[in-house]
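Presented below is the structure to which this report refers.
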Amino acid sequence: MSESPSRIDGLTALLRPRSVVVLGASARKRASGNEVLRNLRQAGYDGELHVVHPAARTVEGLEAFPDVGSLPGGIDAAVVSLPTPAVLDALRGLEKGGCRSALVPTAGLDPATAAEVTRFAAASDMAVHGPNCMGVVNLTDRIPLWIDDNSITRLPAGNVALIAQSGSAAIFIARSTGPVRYSKIISTGGEYGATTAAYLSWLARDPATRAAGVLLESIKDVPSFIEGVAAMRAAGKPVVVLKVGRSSVGSAATTAHTGALIGSDAAYQALFEQLDLPVVTDYDEMAAVLQCLAVPELPPAAGTRIGVITISGGQAALTADLAADQGVEVPRFTAETARGLEAAMPGAPANNPFDAGASVEYPDGGFRRSVELIAADDAVDSVLLVLDAHATMTDEETDYEAEEFRAARAVAESAPGKPVVVASSSSLSVQPRCEEQAGPAVPVLRGIGNALVALRALTRNRRPLPESVRSTRSRPTSEAVEVLKQEIAQHHGALPADLSRRLLSLYGLPLVESAVVPDAEAAVRWADEHGYPLVVKVSSPDVPHRSDVGGVVLGVTDEATLRQAVEDITARVGAARPGAVIEGFEVQQQVGEDSVEALLGFVADPVFGAVTTVGTGGTLVELYADTASALSPVGPDEAADLIARTRLGTLIGGYRNLLPATDTGPLADTVHRLSLLGTDFAGLLTEADLNPAFVQHGTGRVLIADSLLVARHD
């Protein structure tokens, strides 16, 4: 949902308050409220400053008001650092007095109080920040509403905002990102009211902020988060994300293969992929990306192809290895570039990474010329110099590499339109003299791996945000959907085969012709009408994965083998699942010749809705683990992109002529239709597993041979 103007105004009141009141400062001891007052005074805050205390006449030299009802009206921001039982009454009193925002650092709210505070925050026009947070620091205007006495309240102001649900993470990042300077540091805590999404929308309007780093534990409102990212994207302000913890997708996925493959964090990853957000895995990677985003002169990268130059063969080889791990391409230089490099640094093989140190001459100006050539190469999107730059270097060692750092600076200042970045060979702190030599437009990053992550991140935050799939062309009528919803609501666990087929058919999903019959006699009659060869499968609500217990027989070619298949399946299932109820047998035309097996499915998440996945199918799907996922609904074009991200897509695209090049359009359309089903039935179905789905060589025609749809168990 959109952030209302009053909520945005409330965040402005919190971040740029003209008047502040602190509840919870002590007259006799050092409490968190006292720290807020001291931080504000040390920062030179010149707005109105008030304190509330039920007994003391003065606190920290300020006249104390006995309660919130005694305060002057129209306070901009209140810091409510009170014990749990007092929080809600204080918030109500502040709202009644016209306070525009309230910051609640209190931790450990019991479930009942937490629920009441959440309801209050949702209904109030007063912005409620927290609870269980450290506060907010506006370094631009020197206004620290922060409950801890530490140096981040006195950091120099800059142009990068940091939002973290964890206060300790905010402190660590802010104090360990080298030359990065911050505009705002925001610890959101429990986000009962103001959320990361709301702050992104606010920061999009903040002239002092050009980029934001976000440390997430969870997202409560996906549409609002998308709106926040969209606002930043529209303002030309990149965002980088570090996600910690796990989502609830995996905990709900216990029956279908799809659940095991999607995993617990895939909903978040799918969201970040759709939003074209770079994702980092730890604080050091976050620091490297933020260091790049803080440099206004550093252009974005058109792609992940990097040209690497170093003065060490070992560093060149290591960089190539790490680039492969990070999914960053190290392309072959063009012939023209190779000839230029051979002339600039005689004797050094013109490979990428380029080891300039292998030159037999190392002529003056040769290194700079090499960097210029690599930057000008059409096969290269960004330039990475790998040099020694750690803080333990002596002045003599720093002087020895001065030419290389100055070469990076000269090339960056000549405006090649590509990012030029230096990676220190160590993740230790960087020698300040190296940063000075490289200049303000060339980030000197700690560690080769971190630098590769940063260069990859510079390719993101560019793609337009996807619109929801609103087309009704692939959707059935609402009346038909409602009929099946009512029927499915009566089921728990795996849906009966007939009901699954009716649901899939409703969305136009291509099914292999089949039927569920009660016994061998009925199976023979069906076969006489439809012909051989056949596949025979057990039909039982107690056996979701039929091949695991011998409940599937392939290659049934005549009546005798059909009767034997029914008999064998009955015996094997009875032995493996003695209590299983066998409702009958599914007989199905055997397909799959000249086809490749695919998996399609979805898992429903209470926050994200259906997460649709596609990949390599068959009985070894967990072993292959070849899937790509996206939040539903998924349009046909987006489905095609998902397929292209899998080994399945590479294979059916004609990889090494192992298979004829195959049209992926029918498979993309099938993924699209399944995602619509998942969107419409996410409240009733926990997961779906269509495996195998056969993709015919060449034509790409899709036929779904087996399906498992699971209704909620609650």
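Just so we're on the same page: first chain in the structure tokens is A, next is B, and so on; residues restart at 1 for each chain, and ligands are numbered from 1 in the order they show up.
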Give the helix (DSSP H, G or I) residues of region 211-442 of chain A, as DSSP finds them on the backbone, and put them as number ranges by chain.
A: 222-234, 249-252, 257-262, 266-274, 283-293, 313-326, 335-344, 356-358, 366-376, 395-400, 402-413, 432-438
Excluding Glu487 (chain A) and residues on its chain fewer than 6 positions from it, collect all residues at most 12 Å away from it, counting only C-alpha atoms, and give them as a list in words.
Ala480, Val481, Leu495, Pro496, Asp498, Leu499, Ser500, Arg502, Leu503, Phe681, Leu684 and Ala711 of chain A
I need the residues from that last selection saved to file as an mmCIF file, in the first residue's frame (with N, CA and C atoms), if you can.
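Writing the result to again.cif gives the following:
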data_model
loop_
_atom_site.group_PDB
_atom_site.id
_atom_site.type_symbol
_atom_site.label_atom_id
_atom_site.label_comp_id
_atom_site.auth_asym_id
_atom_site.auth_seq_id
_atom_site.Cartn_x
_atom_site.Cartn_y
_atom_site.Cartn_z
ATOM 1 N N ALA A 480 -15.875 -19.819 -12.281
ATOM 2 C CA ALA A 480 -15.293 -21.154 -12.332
ATOM 3 C C ALA A 480 -14.248 -21.335 -11.233
ATOM 4 N N VAL A 481 -13.468 -20.296 -10.969
ATOM 5 C CA VAL A 481 -12.470 -20.361 -9.902
ATOM 6 C C VAL A 481 -13.141 -20.540 -8.549
ATOM 7 N N LEU A 495 -4.387 -33.269 -2.977
ATOM 8 C CA LEU A 495 -5.701 -33.297 -3.622
ATOM 9 C C LEU A 495 -5.879 -34.604 -4.392
ATOM 10 N N PRO A 496 -7.114 -35.091 -4.490
ATOM 11 C CA PRO A 496 -7.376 -36.258 -5.335
ATOM 12 C C PRO A 496 -6.986 -35.965 -6.780
ATOM 13 N N ASP A 498 -8.411 -36.563 -9.622
ATOM 14 C CA ASP A 498 -9.429 -35.980 -10.484
ATOM 15 C C ASP A 498 -9.580 -34.484 -10.223
ATOM 16 N N LEU A 499 -9.564 -34.077 -8.951
ATOM 17 C CA LEU A 499 -9.699 -32.664 -8.617
ATOM 18 C C LEU A 499 -8.480 -31.881 -9.106
ATOM 19 N N SER A 500 -7.288 -32.463 -8.965
ATOM 20 C CA SER A 500 -6.077 -31.809 -9.461
ATOM 21 C C SER A 500 -6.163 -31.585 -10.961
ATOM 22 N N ARG A 502 -8.843 -31.318 -12.848
ATOM 23 C CA ARG A 502 -9.837 -30.295 -13.184
ATOM 24 C C ARG A 502 -9.292 -28.894 -12.929
ATOM 25 N N LEU A 503 -8.542 -28.745 -11.831
ATOM 26 C CA LEU A 503 -7.972 -27.432 -11.525
ATOM 27 C C LEU A 503 -6.921 -27.040 -12.559
ATOM 28 N N PHE A 681 -4.921 -19.314 -5.883
ATOM 29 C CA PHE A 681 -5.231 -20.342 -4.878
ATOM 30 C C PHE A 681 -4.215 -20.383 -3.733
ATOM 31 N N LEU A 684 -5.408 -21.352 -0.359
ATOM 32 C CA LEU A 684 -5.953 -22.699 -0.162
ATOM 33 C C LEU A 684 -4.926 -23.800 -0.393
ATOM 34 N N ALA A 711 -3.339 -29.196 -0.380
ATOM 35 C CA ALA A 711 -4.195 -28.222 0.299
ATOM 36 C C ALA A 711 -3.678 -27.972 1.706
#
For Ala211 (chain A), please output as a PyMOL selection string all residues within 6 Å (counting only C-alpha atoms; exclusion window: fewer than 2 positions along the same chain).
chain A and resi 160+209+237-239
With C-alpha atoms kept, could you save the residues just selected as an mmCIF file, in the first residue's frame?
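Writing done, so here's out.cif:
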data_model
loop_
_atom_site.group_PDB
_atom_site.id
_atom_site.type_symbol
_atom_site.label_atom_id
_atom_site.label_comp_id
_atom_site.auth_asym_id
_atom_site.auth_seq_id
_atom_site.Cartn_x
_atom_site.Cartn_y
_atom_site.Cartn_z
ATOM 1 C CA VAL A 160 24.648 7.174 1.847
ATOM 2 C CA THR A 209 20.958 10.805 0.143
ATOM 3 C CA LYS A 237 19.141 6.232 -6.063
ATOM 4 C CA PRO A 238 20.538 2.677 -5.942
ATOM 5 C CA VAL A 239 19.764 0.251 -3.100
#
Write out as a ChimeraX atom specification which residues come within 6 Å of Gly447 (chain A) when counting only C-alpha atoms, dropping same-chain ones fewer than 3 positions away.
/A:423-427,450
So that I can check the surroundings of Gly366 (chain A), please list as a PyMOL selection string every protein, DNA and RNA residue that reaches within 8 Å of it, counting only C-alpha atoms and ignoring chain neighbours fewer than 4 positions away.
chain A and resi 344-345+362+370
For Leu511 (chain A): contacts at 10 Å, only C-alpha atoms, fewer than 6 positions along chain excluded, given as number ranges by chain
A: 501, 504-505, 690, 693-694, 702-707
Write a file of the just-selected residues containing N, CA and C atoms, as a CSV table (one decimal), in the first residue's frame.
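The resulting again02.csv:
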chain,number,residue,atom,x,y,z
A,501,ARG,N,-6.6,-32.6,-11.7
A,501,ARG,CA,-6.7,-32.5,-13.1
A,501,ARG,C,-7.7,-31.4,-13.5
A,504,LEU,N,-6.0,-27.9,-12.9
A,504,LEU,CA,-5.0,-27.6,-13.9
A,504,LEU,C,-5.6,-27.4,-15.2
A,505,SER,N,-6.6,-28.1,-15.6
A,505,SER,CA,-7.2,-27.9,-16.9
A,505,SER,C,-7.9,-26.6,-17.0
A,690,LEU,N,4.5,-30.2,-10.4
A,690,LEU,CA,4.2,-30.8,-11.7
A,690,LEU,C,5.5,-31.4,-12.2
A,693,ALA,N,7.2,-32.8,-16.3
A,693,ALA,CA,6.5,-32.2,-17.5
A,693,ALA,C,7.4,-32.4,-18.6
A,694,PHE,N,7.0,-33.0,-19.7
A,694,PHE,CA,7.8,-33.4,-20.8
A,694,PHE,C,7.8,-32.2,-21.8
A,702,VAL,N,4.6,-29.0,-24.4
A,702,VAL,CA,4.7,-29.4,-23.0
A,702,VAL,C,3.5,-30.3,-22.7
A,703,LEU,N,3.8,-31.4,-22.1
A,703,LEU,CA,2.8,-32.4,-21.6
A,703,LEU,C,3.1,-32.7,-20.1
A,704,ILE,N,2.2,-32.4,-19.2
A,704,ILE,CA,2.4,-32.7,-17.8
A,704,ILE,C,2.0,-34.1,-17.5
A,705,ALA,N,2.9,-34.9,-17.0
A,705,ALA,CA,2.6,-36.4,-16.8
A,705,ALA,C,2.2,-36.6,-15.4
A,706,ASP,N,2.6,-35.8,-14.4
A,706,ASP,CA,2.3,-36.1,-13.0
A,706,ASP,C,2.2,-34.8,-12.3
A,707,SER,N,1.2,-34.8,-11.4
A,707,SER,CA,1.0,-33.5,-10.6
A,707,SER,C,0.7,-33.9,-9.2
Please determine, counting only C-alpha atoms, which residue among A:Val552, A:Leu23, A:Ile163, A:Ala294 has the shortest atom-to-atom distance to Val241 (chain A).
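Of all the options, A:Ile163 lies closest to Val241 (chain A).
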